[in-house]
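Below is one structure, written out as structure tokens, with a few remarks after it.
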Amino acid sequence: MSRRSGILEFAVLGLLRESPMHGYELRKRLNTSLGIFRAFSYGTLYPCLKTLVANGWLIEEPVGDQADSSAASSLSGRRAKIVYRLTAEGKEHFEELLSHTGPDAWEDEHFAARFAFFGQTEREVRMRVLEGRRSRLEERLEKMRASLTRTRERLDDYTLELQRHGMESVEREVRWLNELIESERSGRDRRRSSPEGSAQQDTSGETGGLPRRRGDTPPDPSDDTTK
């Protein structure tokens, strides 16, 4: 399985955990909620759905009256509208994927998908993913600075400006990650210091100290023009 197909399967499972959907709804949500899937077709989505069904993670259900007219639809050549629903095995598999915190979790495209489902992710896992992403970007930033120092004299003004733009994009995301990590830590510390802290349960959907404000979405990795 390619990395991109793995990300798509993860995103589809996550969206269907929220509610069953048909293919059109899924494609729309992937396009609008997860920017990394701006340009993909039904020719990409439906094979993914078929694979998930074959693995037992999804089931297909005809919609409404079409369930009674499926035979007629077959005879007429029209495709019956299908709703995809997450199975118990699919939910368990998605929760396993949510707990994964290896290097793939903080690479550009995968991190954006993971962040979109942070509301369903355990706090400690969120922290490891955020810190891993920050470390990855700090390494990238160090290499970019070193490269710019070595090549500055050989670059024309426009190429130099492009390099600077790429560095600024990475620096902005590092600052954003620092804010998120601090918010997560503050929320955890407040809960621990609360008189009722010992009785509170850390659920996967808890956001703790994460501020609800504009801009709390992953910066678009495509802004980093020097990757």
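How things are named: the first chain in the structure tokens is A, the next is B, and so on; residues count from 1 in each chain; ligands count from 1 in the order shown.
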
Based on DSSP run over this structure's backbone, return all residues of region 56-163 of chain A in strand (DSSP E or B), as a short mmCIF file (atom, residue, chain, number, x, y, z; two decimals) with N, CA, C and O atoms, in the first residue's frame.
```cif
data_model
loop_
_atom_site.label_atom_id
_atom_site.label_comp_id
_atom_site.auth_asym_id
_atom_site.auth_seq_id
_atom_site.Cartn_x
_atom_site.Cartn_y
_atom_site.Cartn_z
N LEU A 58 -15.79 -1.86 6.42
CA LEU A 58 -16.99 -1.14 6.02
C LEU A 58 -18.01 -2.12 5.50
O LEU A 58 -17.67 -3.22 5.06
N ILE A 59 -19.30 -1.72 5.54
CA ILE A 59 -20.35 -2.45 4.86
C ILE A 59 -21.08 -1.48 3.95
O ILE A 59 -21.13 -0.28 4.21
N GLU A 60 -21.64 -2.01 2.87
CA GLU A 60 -22.42 -1.22 1.92
C GLU A 60 -23.90 -1.44 2.18
O GLU A 60 -24.35 -2.59 2.30
N GLU A 61 -24.66 -0.35 2.24
CA GLU A 61 -26.10 -0.44 2.46
C GLU A 61 -26.83 0.39 1.41
O GLU A 61 -26.55 1.60 1.29
N PRO A 62 -27.78 -0.19 0.66
CA PRO A 62 -28.59 0.60 -0.27
C PRO A 62 -29.40 1.64 0.50
O PRO A 62 -29.78 1.42 1.64
N ILE A 82 -25.37 3.91 -2.64
CA ILE A 82 -24.90 3.08 -1.54
C ILE A 82 -24.39 3.96 -0.40
O ILE A 82 -23.67 4.94 -0.63
N VAL A 83 -24.78 3.62 0.81
CA VAL A 83 -24.22 4.26 1.99
C VAL A 83 -23.18 3.33 2.59
O VAL A 83 -23.39 2.12 2.69
N TYR A 84 -22.05 3.91 2.99
CA TYR A 84 -20.97 3.13 3.60
C TYR A 84 -21.00 3.35 5.11
O TYR A 84 -21.06 4.49 5.58
N ARG A 85 -20.99 2.23 5.84
CA ARG A 85 -21.07 2.29 7.29
C ARG A 85 -19.88 1.57 7.91
O ARG A 85 -19.47 0.50 7.43
N LEU A 86 -19.32 2.14 8.95
CA LEU A 86 -18.18 1.53 9.64
C LEU A 86 -18.64 0.33 10.46
O LEU A 86 -19.65 0.39 11.16
#
```

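Across the structure, CA of Thr151 (chain A) and CA of Glu171 (chain A) are spaced 19.9 Å apart.
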
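Going from CA of Tyr158 (chain A) to CA of Glu107 (chain A) covers 27.9 Å.
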
Inset, instruction - Mind checking which residues fall within 10 Å of region 142-149 of chain A, counting only C-alpha atoms, ignoring those fewer than 5 positions away in the same chain, and posting them as JSON, numbers by chain? - result: {"A": [137, 154, 155, 160, 163, 164, 166, 167, 170, 226, 227]}

Can you write just those residues out, C-alpha atoms, as a PDB file, in the first residue's frame?
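Output contents, as saved in part_15.pdb:
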```
ATOM      1  CA  LEU A 137      10.227  20.798  11.149  1.00  0.00           C
ATOM      2  CA  ARG A 154      25.023  32.081  -6.053  1.00  0.00           C
ATOM      3  CA  LEU A 155      21.276  32.802  -5.973  1.00  0.00           C
ATOM      4  CA  LEU A 160      16.655  33.858  -2.757  1.00  0.00           C
ATOM      5  CA  GLN A 163      14.071  30.264  -0.229  1.00  0.00           C
ATOM      6  CA  ARG A 164      13.202  32.845   2.407  1.00  0.00           C
ATOM      7  CA  GLY A 166       9.928  28.582   2.418  1.00  0.00           C
ATOM      8  CA  MET A 167      11.821  29.204   5.654  1.00  0.00           C
ATOM      9  CA  VAL A 170       8.268  26.449   8.311  1.00  0.00           C
ATOM     10  CA  THR A 226      11.562  24.320  -0.626  1.00  0.00           C
ATOM     11  CA  LYS A 227      10.604  20.742   0.187  1.00  0.00           C
TER      12      LYS A 227
END
```

Inset, instruction - Write out as a PyMOL selection string each polymer residue whose atoms come within 12 Å of region 4-8 of chain A, counting only C-alpha atoms; drop sequence neighbours fewer than 4 positions from it. - result: chain A and resi 12-15+26-27+30-31+34-38+40-41+44-49+51-52+94+97-98+104-105+107-114+116

How about saving the chosen residues, N, CA and C atoms kept, as an mmCIF file, in the first residue's frame?
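Generated output (again.cif):
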```
data_model
loop_
_atom_site.group_PDB
_atom_site.id
_atom_site.type_symbol
_atom_site.label_atom_id
_atom_site.label_comp_id
_atom_site.auth_asym_id
_atom_site.auth_seq_id
_atom_site.Cartn_x
_atom_site.Cartn_y
_atom_site.Cartn_z
ATOM 1 N N VAL A 12 -10.970 8.166 5.355
ATOM 2 C CA VAL A 12 -12.305 7.625 5.102
ATOM 3 C C VAL A 12 -12.856 6.949 6.357
ATOM 4 N N LEU A 13 -12.040 6.139 7.010
ATOM 5 C CA LEU A 13 -12.482 5.484 8.244
ATOM 6 C C LEU A 13 -12.851 6.510 9.309
ATOM 7 N N GLY A 14 -12.042 7.572 9.412
ATOM 8 C CA GLY A 14 -12.316 8.600 10.415
ATOM 9 C C GLY A 14 -13.616 9.334 10.157
ATOM 10 N N LEU A 15 -13.884 9.667 8.902
ATOM 11 C CA LEU A 15 -15.132 10.363 8.573
ATOM 12 C C LEU A 15 -16.338 9.456 8.791
ATOM 13 N N LEU A 26 -18.779 11.618 1.031
ATOM 14 C CA LEU A 26 -17.391 11.372 1.438
ATOM 15 C C LEU A 26 -16.420 12.232 0.639
ATOM 16 N N ARG A 27 -16.614 12.251 -0.674
ATOM 17 C CA ARG A 27 -15.709 13.039 -1.516
ATOM 18 C C ARG A 27 -15.783 14.517 -1.155
ATOM 19 N N LEU A 30 -13.965 15.068 2.176
ATOM 20 C CA LEU A 30 -12.520 14.958 1.995
ATOM 21 C C LEU A 30 -11.962 16.208 1.334
ATOM 22 N N ASN A 31 -12.716 16.772 0.402
ATOM 23 C CA ASN A 31 -12.275 17.982 -0.287
ATOM 24 C C ASN A 31 -12.334 19.214 0.601
ATOM 25 N N LEU A 34 -10.477 18.219 4.553
ATOM 26 C CA LEU A 34 -9.076 17.798 4.506
ATOM 27 C C LEU A 34 -8.473 18.298 3.205
ATOM 28 N N GLY A 35 -7.766 19.406 3.279
ATOM 29 C CA GLY A 35 -7.222 20.034 2.082
ATOM 30 C C GLY A 35 -6.270 19.176 1.289
ATOM 31 N N ILE A 36 -5.670 18.159 1.928
ATOM 32 C CA ILE A 36 -4.710 17.318 1.221
ATOM 33 C C ILE A 36 -5.373 16.487 0.139
ATOM 34 N N PHE A 37 -6.723 16.418 0.149
ATOM 35 C CA PHE A 37 -7.442 15.653 -0.858
ATOM 36 C C PHE A 37 -8.199 16.572 -1.812
ATOM 37 N N ARG A 38 -7.652 17.758 -2.074
ATOM 38 C CA ARG A 38 -8.332 18.707 -2.955
ATOM 39 C C ARG A 38 -8.533 18.133 -4.363
ATOM 40 N N PHE A 40 -8.670 14.820 -6.120
ATOM 41 C CA PHE A 40 -8.731 13.385 -6.319
ATOM 42 C C PHE A 40 -10.129 13.044 -6.805
ATOM 43 N N SER A 41 -10.259 11.924 -7.485
ATOM 44 C CA SER A 41 -11.484 11.607 -8.203
ATOM 45 C C SER A 41 -12.177 10.411 -7.581
ATOM 46 N N THR A 44 -10.336 7.283 -7.620
ATOM 47 C CA THR A 44 -9.435 7.010 -6.507
ATOM 48 C C THR A 44 -10.216 6.564 -5.279
ATOM 49 N N LEU A 45 -11.356 7.204 -5.040
ATOM 50 C CA LEU A 45 -12.132 6.930 -3.828
ATOM 51 C C LEU A 45 -12.771 5.549 -3.835
ATOM 52 N N TYR A 46 -13.434 5.172 -4.943
ATOM 53 C CA TYR A 46 -14.193 3.922 -4.927
ATOM 54 C C TYR A 46 -13.330 2.669 -4.797
ATOM 55 N N PRO A 47 -12.161 2.595 -5.435
ATOM 56 C CA PRO A 47 -11.291 1.439 -5.147
ATOM 57 C C PRO A 47 -10.897 1.362 -3.674
ATOM 58 N N CYS A 48 -10.671 2.529 -3.062
ATOM 59 C CA CYS A 48 -10.358 2.548 -1.634
ATOM 60 C C CYS A 48 -11.527 1.998 -0.820
ATOM 61 N N LEU A 49 -12.737 2.420 -1.151
ATOM 62 C CA LEU A 49 -13.919 1.935 -0.431
ATOM 63 C C LEU A 49 -14.086 0.429 -0.616
ATOM 64 N N THR A 51 -11.768 -1.740 -1.133
ATOM 65 C CA THR A 51 -10.754 -2.411 -0.332
ATOM 66 C C THR A 51 -11.166 -2.480 1.140
ATOM 67 N N LEU A 52 -11.704 -1.391 1.644
ATOM 68 C CA LEU A 52 -12.132 -1.352 3.040
ATOM 69 C C LEU A 52 -13.303 -2.303 3.283
ATOM 70 N N PHE A 94 -9.516 1.625 13.092
ATOM 71 C CA PHE A 94 -9.260 3.063 13.077
ATOM 72 C C PHE A 94 -8.652 3.512 14.406
ATOM 73 N N LEU A 97 -5.078 2.794 14.357
ATOM 74 C CA LEU A 97 -4.360 3.775 13.538
ATOM 75 C C LEU A 97 -4.187 5.089 14.296
ATOM 76 N N LEU A 98 -5.212 5.492 15.049
ATOM 77 C CA LEU A 98 -5.130 6.733 15.829
ATOM 78 C C LEU A 98 -4.023 6.681 16.878
ATOM 79 N N ASP A 104 5.799 8.410 10.315
ATOM 80 C CA ASP A 104 4.807 8.751 9.291
ATOM 81 C C ASP A 104 3.759 9.717 9.826
ATOM 82 N N ALA A 105 3.490 9.671 11.125
ATOM 83 C CA ALA A 105 2.419 10.479 11.709
ATOM 84 C C ALA A 105 2.718 11.966 11.654
ATOM 85 N N GLU A 107 4.825 13.370 9.116
ATOM 86 C CA GLU A 107 5.180 13.832 7.782
ATOM 87 C C GLU A 107 4.037 14.686 7.232
ATOM 88 N N ASP A 108 4.323 15.472 6.211
ATOM 89 C CA ASP A 108 3.413 16.533 5.778
ATOM 90 C C ASP A 108 1.967 16.097 5.591
ATOM 91 N N GLU A 109 1.704 15.205 4.631
ATOM 92 C CA GLU A 109 0.332 14.857 4.322
ATOM 93 C C GLU A 109 -0.327 14.067 5.451
ATOM 94 N N HIS A 110 0.413 13.133 6.029
ATOM 95 C CA HIS A 110 -0.177 12.307 7.072
ATOM 96 C C HIS A 110 -0.484 13.140 8.318
ATOM 97 N N PHE A 111 0.372 14.095 8.633
ATOM 98 C CA PHE A 111 0.117 14.932 9.806
ATOM 99 C C PHE A 111 -1.177 15.722 9.652
ATOM 100 N N ALA A 112 -1.419 16.266 8.458
ATOM 101 C CA ALA A 112 -2.642 17.034 8.233
ATOM 102 C C ALA A 112 -3.872 16.161 8.459
ATOM 103 N N ALA A 113 -3.834 14.907 7.980
ATOM 104 C CA ALA A 113 -4.958 14.001 8.199
ATOM 105 C C ALA A 113 -5.089 13.644 9.676
ATOM 106 N N ARG A 114 -3.963 13.378 10.333
ATOM 107 C CA ARG A 114 -4.015 13.050 11.759
ATOM 108 C C ARG A 114 -4.582 14.201 12.573
ATOM 109 N N ALA A 116 -6.663 16.453 11.671
ATOM 110 C CA ALA A 116 -8.094 16.606 11.428
ATOM 111 C C ALA A 116 -8.927 15.737 12.355
#
```

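CA of Glu89 (chain A) is found 5.5 Å from CA of Trp57 (chain A).
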
Inset, instruction - For Met127 (chain A), please output as a PyMOL selection string all residues within 8 Å (counting only C-alpha atoms; exclusion window: fewer than 4 positions along the same chain). - result: chain A and resi 123+131+181+184

Go ahead and dump the residues you just picked, N, CA and C atoms, as a compact mmCIF listing (two decimals), in the first residue's frame.
```txt
# COMPACT_ATOMS: atom_id res chain seq x y z
N ARG A 123 -5.13 12.25 24.45
CA ARG A 123 -4.28 13.41 24.71
C ARG A 123 -2.79 13.08 24.58
N GLU A 131 4.72 16.92 19.10
CA GLU A 131 6.15 17.08 19.38
C GLU A 131 7.00 16.46 18.28
N ILE A 181 1.16 22.84 21.61
CA ILE A 181 1.77 21.99 22.64
C ILE A 181 1.61 22.63 24.00
N GLU A 184 -1.98 22.19 25.14
CA GLU A 184 -2.22 20.83 25.61
C GLU A 184 -1.64 20.63 27.01
```
